[in-house]
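K.L.:
Here's a structure for you.
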Amino acid sequence: MANFLNSNTKMDTIKHIPENGKTRVVIIGGGFAGLKLARQLANTKYQVVLIDRNNFHQFQPLFYQVATSGLEPSSISFPLRKIFQKKSNVHFRMADLLEVNSKENEIYTSLGKLKYDYLVLATGVSTNYFGNKNIEEFSIPMKSVSEAIFLRNSILRNYEKALNESDPEKAANYMNIVLVGGGPTGVELAGALAEMKSEILPKDYPELDFSLMNVYLFEASDKLLNGMSEKASAKAKKFLEKLGVIVRTNARVADYDGLTIRLDDDEEFKSYTMVWAAGVAARPIKGISENASVRAGRLQVDQYNKIVGLDNVFAMGDLAYQTEGKFENGHPQVAQVGLQQAGNLAKNFKRLLQNKEIKAFHYTDRGSMATIGKNLAVADLPGMKMQGFFAWVLWLFVHLMAIVGVKNRFFILINWVWNYFTSDQSLRVLIRPKKRSFTDKASLKVKADNAIV
């Protein structure tokens, strides 16, 4: 990358962000880390500009419940503009980041360019397919609300198709579900799907033979939940197998053509639904990643979350690669790291206003949890390890309290209580977006008017 966008492309400045003499902090990404930093800098002497490609914050740990019809997408999404309605120093723009020009202290976005005094990158990570184009084309990722909705639609659509198959083998291809990746996403989704198989889907599709359906979970390493203890891993595997999930460790998926899953030992399985949760990688950021990216595209930062080689550009959350103590391969890519980094960085920005010395970031591991199904969860806490019902209750409480918005918490709690006692989610609706074609007269008129403008 030799030239910045503005070298050969005229780009206007993003509108309606005042030049009021305040020090401007631009935050890219409205996830856990970006949102917390923006909230803690609200009502300070900084001007804060938050930029995200979506106009809402999404609660990633509960994507799997949207995918399995347990929660509405709106329950785990919260409008960013609503959060900052009464924060006059915070401005939100929905845009894509195209490039960073650190020499000019300027960013280029799909809305235009913008100057910054400090830039904080909290863009998170996306699905890593490890260069396998077939898997990228045919599998289903789980990194956004829209992808969770797509998975829900795919499952429901395939069961409708299975009803029209007289050949049991062909019907099984539609009914089988394969999950790749034994981390929290794969484990939690596998447990939820197994419960749907036993308690919900047979009531919706009584004509189908559910002995044909299998839920598979493939993990390339020798254990599930690699970031947790051996006891938690073994217990999670036991819980899943109790629910009927076929768990295969040391099973690396080599290829997928939309129907046939092939492992690297050439063993094959059939399914029209394969969920890929086997890895993540950071999206390249033009103007930054060329010099600062390390493992899986993460950006190397110092102990203050400052990107190496840059004085006023920071990175937080999954995007940041920082080593300390036992984290010689970087901090784990979990929400708690990003939240703690955002809290420390916010305090440092406030210290700068008071001409005080900034403080280094040190991660405090507060434990890990994963839920497998009703009354089944594992939790590794400092000084304590829990499995079963009490771990499950703790998981529910922690995640409910982390949801943005009292109304969202209320509706999630109501859904959880209802689902617990009835074992029957009521959100199994197949909603397919319709693309409107410019064939009717009204559409043609709108198109013509836009062309004139």
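Going through the structure tokens in order, the chains are called A, B, and so on, while each chain numbers its residues from 1 and the ligands are numbered from 1 in the order shown.
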Within 10 Å of Val215 in chain A, counting only C-alpha atoms, which residues qualify if same-chain residues fewer than 2 places away don't, as an MDAnalysis selection string?
P.N.:
chainID A and resid 175:179 190:191 193:194 197 213 217 240 243:247 271
K.L.:
Keeping only all heavy atoms, write the selected residues to a file as a compact mmCIF listing (two decimals), in the first residue's frame.
P.N.:
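Generated file (part.txt):
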# COMPACT_ATOMS: atom_id res chain seq x y z
N MET A 175 -31.46 -33.30 7.96
CA MET A 175 -31.69 -33.24 9.40
C MET A 175 -30.40 -33.17 10.20
O MET A 175 -30.36 -32.57 11.28
CB MET A 175 -32.51 -34.45 9.84
CG MET A 175 -33.90 -34.50 9.20
SD MET A 175 -34.75 -36.07 9.46
CE MET A 175 -35.07 -36.00 11.21
N ASN A 176 -29.35 -33.80 9.71
CA ASN A 176 -28.07 -33.79 10.44
C ASN A 176 -27.50 -32.37 10.53
O ASN A 176 -27.65 -31.57 9.61
CB ASN A 176 -27.03 -34.67 9.73
CG ASN A 176 -27.35 -36.14 9.86
OD1 ASN A 176 -28.04 -36.55 10.78
ND2 ASN A 176 -26.85 -36.94 8.93
N ILE A 177 -26.85 -32.07 11.65
CA ILE A 177 -26.19 -30.78 11.83
C ILE A 177 -24.77 -31.03 12.34
O ILE A 177 -24.57 -31.77 13.31
CB ILE A 177 -26.95 -29.89 12.82
CG1 ILE A 177 -28.38 -29.63 12.32
CG2 ILE A 177 -26.23 -28.56 13.03
CD1 ILE A 177 -29.26 -28.86 13.29
N VAL A 178 -23.81 -30.43 11.65
CA VAL A 178 -22.40 -30.61 11.99
C VAL A 178 -21.83 -29.28 12.49
O VAL A 178 -21.98 -28.25 11.83
CB VAL A 178 -21.59 -31.11 10.78
CG1 VAL A 178 -20.10 -31.15 11.11
CG2 VAL A 178 -22.08 -32.50 10.36
N LEU A 179 -21.18 -29.32 13.65
CA LEU A 179 -20.55 -28.14 14.23
C LEU A 179 -19.04 -28.39 14.26
O LEU A 179 -18.60 -29.44 14.71
CB LEU A 179 -21.07 -27.89 15.64
CG LEU A 179 -22.60 -27.87 15.78
CD1 LEU A 179 -23.01 -27.99 17.22
CD2 LEU A 179 -23.16 -26.61 15.17
N ALA A 190 -24.07 -26.87 20.24
CA ALA A 190 -24.32 -28.31 20.16
C ALA A 190 -25.33 -28.74 21.23
O ALA A 190 -26.26 -29.51 20.95
CB ALA A 190 -23.01 -29.08 20.33
N GLY A 191 -25.16 -28.22 22.45
CA GLY A 191 -26.09 -28.57 23.51
C GLY A 191 -27.51 -28.08 23.22
O GLY A 191 -28.49 -28.80 23.44
N LEU A 193 -28.87 -27.46 20.27
CA LEU A 193 -29.45 -28.22 19.16
C LEU A 193 -29.87 -29.62 19.60
O LEU A 193 -30.89 -30.15 19.14
CB LEU A 193 -28.45 -28.30 18.01
CG LEU A 193 -28.22 -26.99 17.25
CD1 LEU A 193 -27.00 -27.10 16.34
CD2 LEU A 193 -29.46 -26.61 16.44
N ALA A 194 -29.08 -30.22 20.49
CA ALA A 194 -29.45 -31.54 21.00
C ALA A 194 -30.76 -31.48 21.79
O ALA A 194 -31.59 -32.39 21.69
CB ALA A 194 -28.32 -32.08 21.89
N LYS A 197 -33.57 -31.26 19.37
CA LYS A 197 -33.85 -32.58 18.78
C LYS A 197 -34.74 -33.42 19.69
O LYS A 197 -35.66 -34.10 19.22
CB LYS A 197 -32.53 -33.31 18.52
CG LYS A 197 -32.72 -34.75 18.06
CD LYS A 197 -31.42 -35.52 18.01
CE LYS A 197 -31.67 -36.99 17.66
NZ LYS A 197 -30.40 -37.78 17.63
N MET A 213 -31.62 -38.25 12.75
CA MET A 213 -30.90 -36.99 12.96
C MET A 213 -29.74 -37.17 13.93
O MET A 213 -29.87 -37.78 14.99
CB MET A 213 -31.85 -35.92 13.52
CG MET A 213 -31.14 -34.61 13.85
SD MET A 213 -32.19 -33.47 14.79
CE MET A 213 -31.05 -32.11 15.09
N LEU A 217 -20.18 -32.79 16.73
CA LEU A 217 -19.26 -31.72 17.11
C LEU A 217 -17.84 -32.21 16.88
O LEU A 217 -17.37 -33.17 17.52
CB LEU A 217 -19.44 -31.34 18.59
CG LEU A 217 -18.48 -30.28 19.13
CD1 LEU A 217 -18.62 -28.97 18.36
CD2 LEU A 217 -18.72 -30.04 20.62
N LEU A 240 -22.46 -33.26 26.90
CA LEU A 240 -22.90 -33.28 25.51
C LEU A 240 -23.28 -34.69 25.07
O LEU A 240 -24.31 -34.89 24.41
CB LEU A 240 -21.80 -32.73 24.60
CG LEU A 240 -21.58 -31.21 24.65
CD1 LEU A 240 -20.35 -30.83 23.84
CD2 LEU A 240 -22.80 -30.47 24.10
N LEU A 243 -26.57 -35.69 26.26
CA LEU A 243 -27.65 -35.09 25.47
C LEU A 243 -27.78 -35.73 24.08
O LEU A 243 -28.72 -35.41 23.35
CB LEU A 243 -27.42 -33.59 25.31
CG LEU A 243 -27.56 -32.75 26.59
CD1 LEU A 243 -27.10 -31.31 26.33
CD2 LEU A 243 -29.00 -32.75 27.09
N GLY A 244 -26.84 -36.58 23.71
CA GLY A 244 -26.92 -37.27 22.42
C GLY A 244 -26.04 -36.71 21.34
O GLY A 244 -26.12 -37.14 20.18
N VAL A 245 -25.16 -35.75 21.67
CA VAL A 245 -24.25 -35.18 20.68
C VAL A 245 -23.11 -36.17 20.42
O VAL A 245 -22.56 -36.76 21.36
CB VAL A 245 -23.68 -33.84 21.16
CG1 VAL A 245 -22.69 -33.27 20.14
CG2 VAL A 245 -24.81 -32.85 21.43
N ILE A 246 -22.77 -36.36 19.16
CA ILE A 246 -21.62 -37.18 18.79
C ILE A 246 -20.39 -36.28 18.77
O ILE A 246 -20.24 -35.44 17.89
CB ILE A 246 -21.83 -37.85 17.42
CG1 ILE A 246 -23.07 -38.76 17.47
CG2 ILE A 246 -20.59 -38.66 17.02
CD1 ILE A 246 -23.47 -39.31 16.12
N VAL A 247 -19.53 -36.42 19.78
CA VAL A 247 -18.36 -35.56 19.94
C VAL A 247 -17.13 -36.30 19.41
O VAL A 247 -16.86 -37.43 19.81
CB VAL A 247 -18.14 -35.18 21.41
CG1 VAL A 247 -16.92 -34.27 21.56
CG2 VAL A 247 -19.38 -34.49 21.98
N SER A 271 -24.18 -33.76 5.52
CA SER A 271 -25.11 -32.79 6.09
C SER A 271 -25.16 -31.55 5.21
O SER A 271 -24.14 -31.12 4.69
CB SER A 271 -24.68 -32.40 7.51
OG SER A 271 -25.51 -31.36 8.00
K.L.:
Please identify the strand (DSSP E or B) residues within range 37-215 of chain A (assignment by DSSP from backbone atoms) and present them as number ranges by chain.
P.N.:
A: 47-52, 56-58, 77-79, 90-94, 97-101, 106-109, 113-115, 118-121, 126-127, 140, 177-180, 215
K.L.:
May I have the residues within 10 Å of Pro79 in chain A as a list of chain:residue names, using only C-alpha atoms and disregarding those fewer than 3 positions away in the same chain?
P.N.:
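Skipping anything fewer than 3 positions along the chain leaves A:Asn54, A:Asn55, A:Phe56, A:His57, A:Gln58, A:Ser74, A:Lys82, A:Ile83, A:Phe84, A:Val404, A:Gly405.
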K.L.:
Applying 9 Å and only C-alpha atoms, which residues near range 276-290 of chain A remain after dropping the ones on its own chain fewer than 5 positions away? List them as a ChimeraX atom specification.
P.N.:
/A:1,4,97-102,123-130,135-136,139-143,178-183,185-186,219-220,295-299,307,318-319
K.L.:
Between A:Phe150, A:Tyr304, A:Tyr205, A:Phe63, which is the closest to Ala162 in chain A once you count only C-alpha atoms?
P.N.:
A:Tyr205
K.L.:
Residues of range 331-398 of chain A within 12 Å of range 27-30 of chain A: nearest atom pair and distance (Å, one decimal) for each, counting only C-alpha atoms, sorted by chain and number, as a tab-separated table?
P.N.:
residue	atom	partner	partner_atom	distance
A:Gly338	CA	A:Gly30	CA	11.6
A:Leu339	CA	A:Gly30	CA	12.0
A:Ala342	CA	A:Ile27	CA	10.9
A:Leu345	CA	A:Ile27	CA	11.9
A:Ala346	CA	A:Ile27	CA	11.7
K.L.:
Could you write those residues out with N, CA and C atoms, as a PDB file, in the first residue's frame?
P.N.:
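This went into part04.pdb:
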ATOM      1  N   GLY A 338     -11.282  -7.338  26.753  1.00  0.00           N
ATOM      2  CA  GLY A 338     -11.624  -6.062  26.132  1.00  0.00           C
ATOM      3  C   GLY A 338     -12.250  -5.086  27.109  1.00  0.00           C
ATOM      4  N   LEU A 339     -13.112  -5.578  27.987  1.00  0.00           N
ATOM      5  CA  LEU A 339     -13.751  -4.710  28.973  1.00  0.00           C
ATOM      6  C   LEU A 339     -12.730  -4.120  29.939  1.00  0.00           C
ATOM      7  N   ALA A 342     -10.609  -1.534  28.091  1.00  0.00           N
ATOM      8  CA  ALA A 342     -11.364  -0.293  27.893  1.00  0.00           C
ATOM      9  C   ALA A 342     -11.421   0.522  29.179  1.00  0.00           C
ATOM     10  N   LEU A 345      -7.950   2.071  29.711  1.00  0.00           N
ATOM     11  CA  LEU A 345      -7.671   3.126  28.738  1.00  0.00           C
ATOM     12  C   LEU A 345      -8.502   4.371  29.035  1.00  0.00           C
ATOM     13  N   ALA A 346      -9.754   4.188  29.453  1.00  0.00           N
ATOM     14  CA  ALA A 346     -10.595   5.333  29.810  1.00  0.00           C
ATOM     15  C   ALA A 346      -9.978   6.103  30.978  1.00  0.00           C
TER      16      ALA A 346
END
